[in-house]
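Written below as structure tokens is the structure these notes are about.
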Amino acid sequence: MIMNKCEICDGKTEDKLVSVTFERYGQKFVYQNIKARVCRNCGEEFLDGPTVTDIEREIRERVFEKAA
Ligand SMILES: [Zn+2]
């Protein structure tokens, strides 16, 4: 589902590449050039569900690789 409206302020969003920090398992993981929708009004960044799922899967793999 594609939404071009900010979920917070109803402003317009545009597609941008952003860097995102995920905190999982007590560690920080920084991802750059992640596709997101950014609100032109309040600056809030929204990631698509599949994008987040992919990143979380990758984080899990990185964490478990390290632990092995
Ligand atoms: Zn907004």
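Here's how to read the names in the structure tokens: chain A, B, ... by the order shown, residue numbers from 1 in each chain, ligand numbers from 1 in the order shown.
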What does the list of residues within 7 Å of ligand 1 look like if you count only C-alpha atoms and all ligand atoms, written as a PyMOL selection string?
chain A and resi 6-11+39-44
DSSP on the backbone: which residues in chain A end up as strand (DSSP E)? Give the answer as a ChimeraX atom specification.
/A:13-24,27-39,45-47
Spatial neighbours of range 21-35 of chain A, 10 Å, only C-alpha atoms, chain gap at least 3 places, as a PDB file with N, CA and C atoms, in the first residue's frame:
ATOM      1  N   ASP A  15       9.515  10.473  -1.461  1.00  0.00           N
ATOM      2  CA  ASP A  15      10.482   9.389  -1.330  1.00  0.00           C
ATOM      3  C   ASP A  15      11.893   9.952  -1.219  1.00  0.00           C
ATOM      4  N   LYS A  16      12.614   9.453  -0.233  1.00  0.00           N
ATOM      5  CA  LYS A  16      13.995   9.894  -0.029  1.00  0.00           C
ATOM      6  C   LYS A  16      14.811   8.715   0.463  1.00  0.00           C
ATOM      7  N   LEU A  17      16.136   8.842   0.335  1.00  0.00           N
ATOM      8  CA  LEU A  17      17.028   7.867   0.944  1.00  0.00           C
ATOM      9  C   LEU A  17      17.530   8.453   2.256  1.00  0.00           C
ATOM     10  N   VAL A  18      17.351   7.691   3.315  1.00  0.00           N
ATOM     11  CA  VAL A  18      17.716   8.191   4.635  1.00  0.00           C
ATOM     12  C   VAL A  18      18.634   7.183   5.321  1.00  0.00           C
ATOM     13  N   VAL A  38       9.451  10.716   3.498  1.00  0.00           N
ATOM     14  CA  VAL A  38       9.749  11.755   4.474  1.00  0.00           C
ATOM     15  C   VAL A  38       8.719  12.866   4.338  1.00  0.00           C
ATOM     16  N   GLU A  45      10.044  10.380   9.272  1.00  0.00           N
ATOM     17  CA  GLU A  45      10.409   9.391   8.258  1.00  0.00           C
ATOM     18  C   GLU A  45       9.584   8.126   8.452  1.00  0.00           C
ATOM     19  N   PHE A  46       9.065   7.622   7.353  1.00  0.00           N
ATOM     20  CA  PHE A  46       8.277   6.391   7.408  1.00  0.00           C
ATOM     21  C   PHE A  46       8.923   5.345   6.520  1.00  0.00           C
ATOM     22  N   LEU A  47       9.217   4.193   7.100  1.00  0.00           N
ATOM     23  CA  LEU A  47       9.773   3.094   6.324  1.00  0.00           C
ATOM     24  C   LEU A  47       8.649   2.147   5.931  1.00  0.00           C
ATOM     25  N   ASP A  48       8.794   1.549   4.750  1.00  0.00           N
ATOM     26  CA  ASP A  48       7.806   0.571   4.336  1.00  0.00           C
ATOM     27  C   ASP A  48       7.976  -0.717   5.136  1.00  0.00           C
ATOM     28  N   THR A  51      10.564  -3.223   3.913  1.00  0.00           N
ATOM     29  CA  THR A  51      11.922  -2.726   4.140  1.00  0.00           C
ATOM     30  C   THR A  51      12.359  -3.024   5.570  1.00  0.00           C
ATOM     31  N   VAL A  52      11.469  -2.745   6.515  1.00  0.00           N
ATOM     32  CA  VAL A  52      11.784  -2.993   7.920  1.00  0.00           C
ATOM     33  C   VAL A  52      11.981  -4.485   8.158  1.00  0.00           C
ATOM     34  N   ILE A  55      15.407  -5.554   6.938  1.00  0.00           N
ATOM     35  CA  ILE A  55      16.478  -5.079   7.804  1.00  0.00           C
ATOM     36  C   ILE A  55      16.510  -5.892   9.093  1.00  0.00           C
ATOM     37  N   GLU A  56      15.341  -6.163   9.643  1.00  0.00           N
ATOM     38  CA  GLU A  56      15.311  -6.917  10.899  1.00  0.00           C
ATOM     39  C   GLU A  56      15.835  -8.331  10.699  1.00  0.00           C
ATOM     40  N   ILE A  59      19.592  -8.030  10.569  1.00  0.00           N
ATOM     41  CA  ILE A  59      20.145  -7.813  11.911  1.00  0.00           C
ATOM     42  C   ILE A  59      20.211  -9.130  12.672  1.00  0.00           C
ATOM     43  N   ARG A  60      19.139  -9.905  12.587  1.00  0.00           N
ATOM     44  CA  ARG A  60      19.125 -11.204  13.270  1.00  0.00           C
ATOM     45  C   ARG A  60      20.274 -12.078  12.784  1.00  0.00           C
ATOM     46  N   ARG A  62      23.083 -11.102  11.429  1.00  0.00           N
ATOM     47  CA  ARG A  62      24.363 -10.561  11.891  1.00  0.00           C
ATOM     48  C   ARG A  62      24.607 -10.905  13.359  1.00  0.00           C
ATOM     49  N   VAL A  63      23.570 -10.805  14.175  1.00  0.00           N
ATOM     50  CA  VAL A  63      23.716 -11.065  15.598  1.00  0.00           C
ATOM     51  C   VAL A  63      24.042 -12.538  15.834  1.00  0.00           C
TER      52      VAL A  63
END
Within chain A, find each residue whose DSSP state, derived from the backbone, is helix (DSSP H, G or I), and express the selection as a PyMOL selection string.
chain A and resi 49-67
Would you mind exporting N, CA and C atoms of the selected residues as a tab-separated table (two decimals), in the first residue's frame?
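Final output, out_17.tsv:
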chain	number	residue	atom	x	y	z
A	49	GLY	N	6.87	-1.38	5.37
A	49	GLY	CA	6.89	-2.62	6.13
A	49	GLY	C	7.89	-3.64	5.61
A	50	PRO	N	7.89	-3.95	4.31
A	50	PRO	CA	8.84	-4.94	3.78
A	50	PRO	C	10.29	-4.52	3.99
A	51	THR	N	10.56	-3.22	3.91
A	51	THR	CA	11.92	-2.73	4.14
A	51	THR	C	12.36	-3.02	5.57
A	52	VAL	N	11.47	-2.75	6.51
A	52	VAL	CA	11.78	-2.99	7.92
A	52	VAL	C	11.98	-4.48	8.16
A	53	THR	N	11.12	-5.30	7.55
A	53	THR	CA	11.24	-6.75	7.71
A	53	THR	C	12.59	-7.24	7.21
A	54	ASP	N	13.01	-6.74	6.05
A	54	ASP	CA	14.31	-7.14	5.49
A	54	ASP	C	15.45	-6.76	6.43
A	55	ILE	N	15.41	-5.55	6.94
A	55	ILE	CA	16.48	-5.08	7.80
A	55	ILE	C	16.51	-5.89	9.09
A	56	GLU	N	15.34	-6.16	9.64
A	56	GLU	CA	15.31	-6.92	10.90
A	56	GLU	C	15.83	-8.33	10.70
A	57	ARG	N	15.55	-8.90	9.53
A	57	ARG	CA	16.06	-10.24	9.23
A	57	ARG	C	17.59	-10.20	9.16
A	58	GLU	N	18.10	-9.14	8.50
A	58	GLU	CA	19.55	-9.02	8.36
A	58	GLU	C	20.22	-8.83	9.72
A	59	ILE	N	19.59	-8.03	10.57
A	59	ILE	CA	20.15	-7.81	11.91
A	59	ILE	C	20.21	-9.13	12.67
A	60	ARG	N	19.14	-9.90	12.59
A	60	ARG	CA	19.13	-11.20	13.27
A	60	ARG	C	20.27	-12.08	12.78
A	61	GLU	N	20.47	-12.09	11.46
A	61	GLU	CA	21.56	-12.91	10.90
A	61	GLU	C	22.91	-12.43	11.39
A	62	ARG	N	23.08	-11.10	11.43
A	62	ARG	CA	24.36	-10.56	11.89
A	62	ARG	C	24.61	-10.91	13.36
A	63	VAL	N	23.57	-10.80	14.17
A	63	VAL	CA	23.72	-11.07	15.60
A	63	VAL	C	24.04	-12.54	15.83
A	64	PHE	N	23.33	-13.41	15.13
A	64	PHE	CA	23.54	-14.83	15.40
A	64	PHE	C	24.85	-15.34	14.81
A	65	GLU	N	25.29	-14.68	13.72
A	65	GLU	CA	26.60	-15.03	13.17
A	65	GLU	C	27.70	-14.72	14.16
A	66	LYS	N	27.56	-13.54	14.78
A	66	LYS	CA	28.56	-13.11	15.74
A	66	LYS	C	28.60	-14.04	16.95
A	67	ALA	N	27.42	-14.49	17.35
A	67	ALA	CA	27.33	-15.33	18.55
A	67	ALA	C	27.86	-16.72	18.30
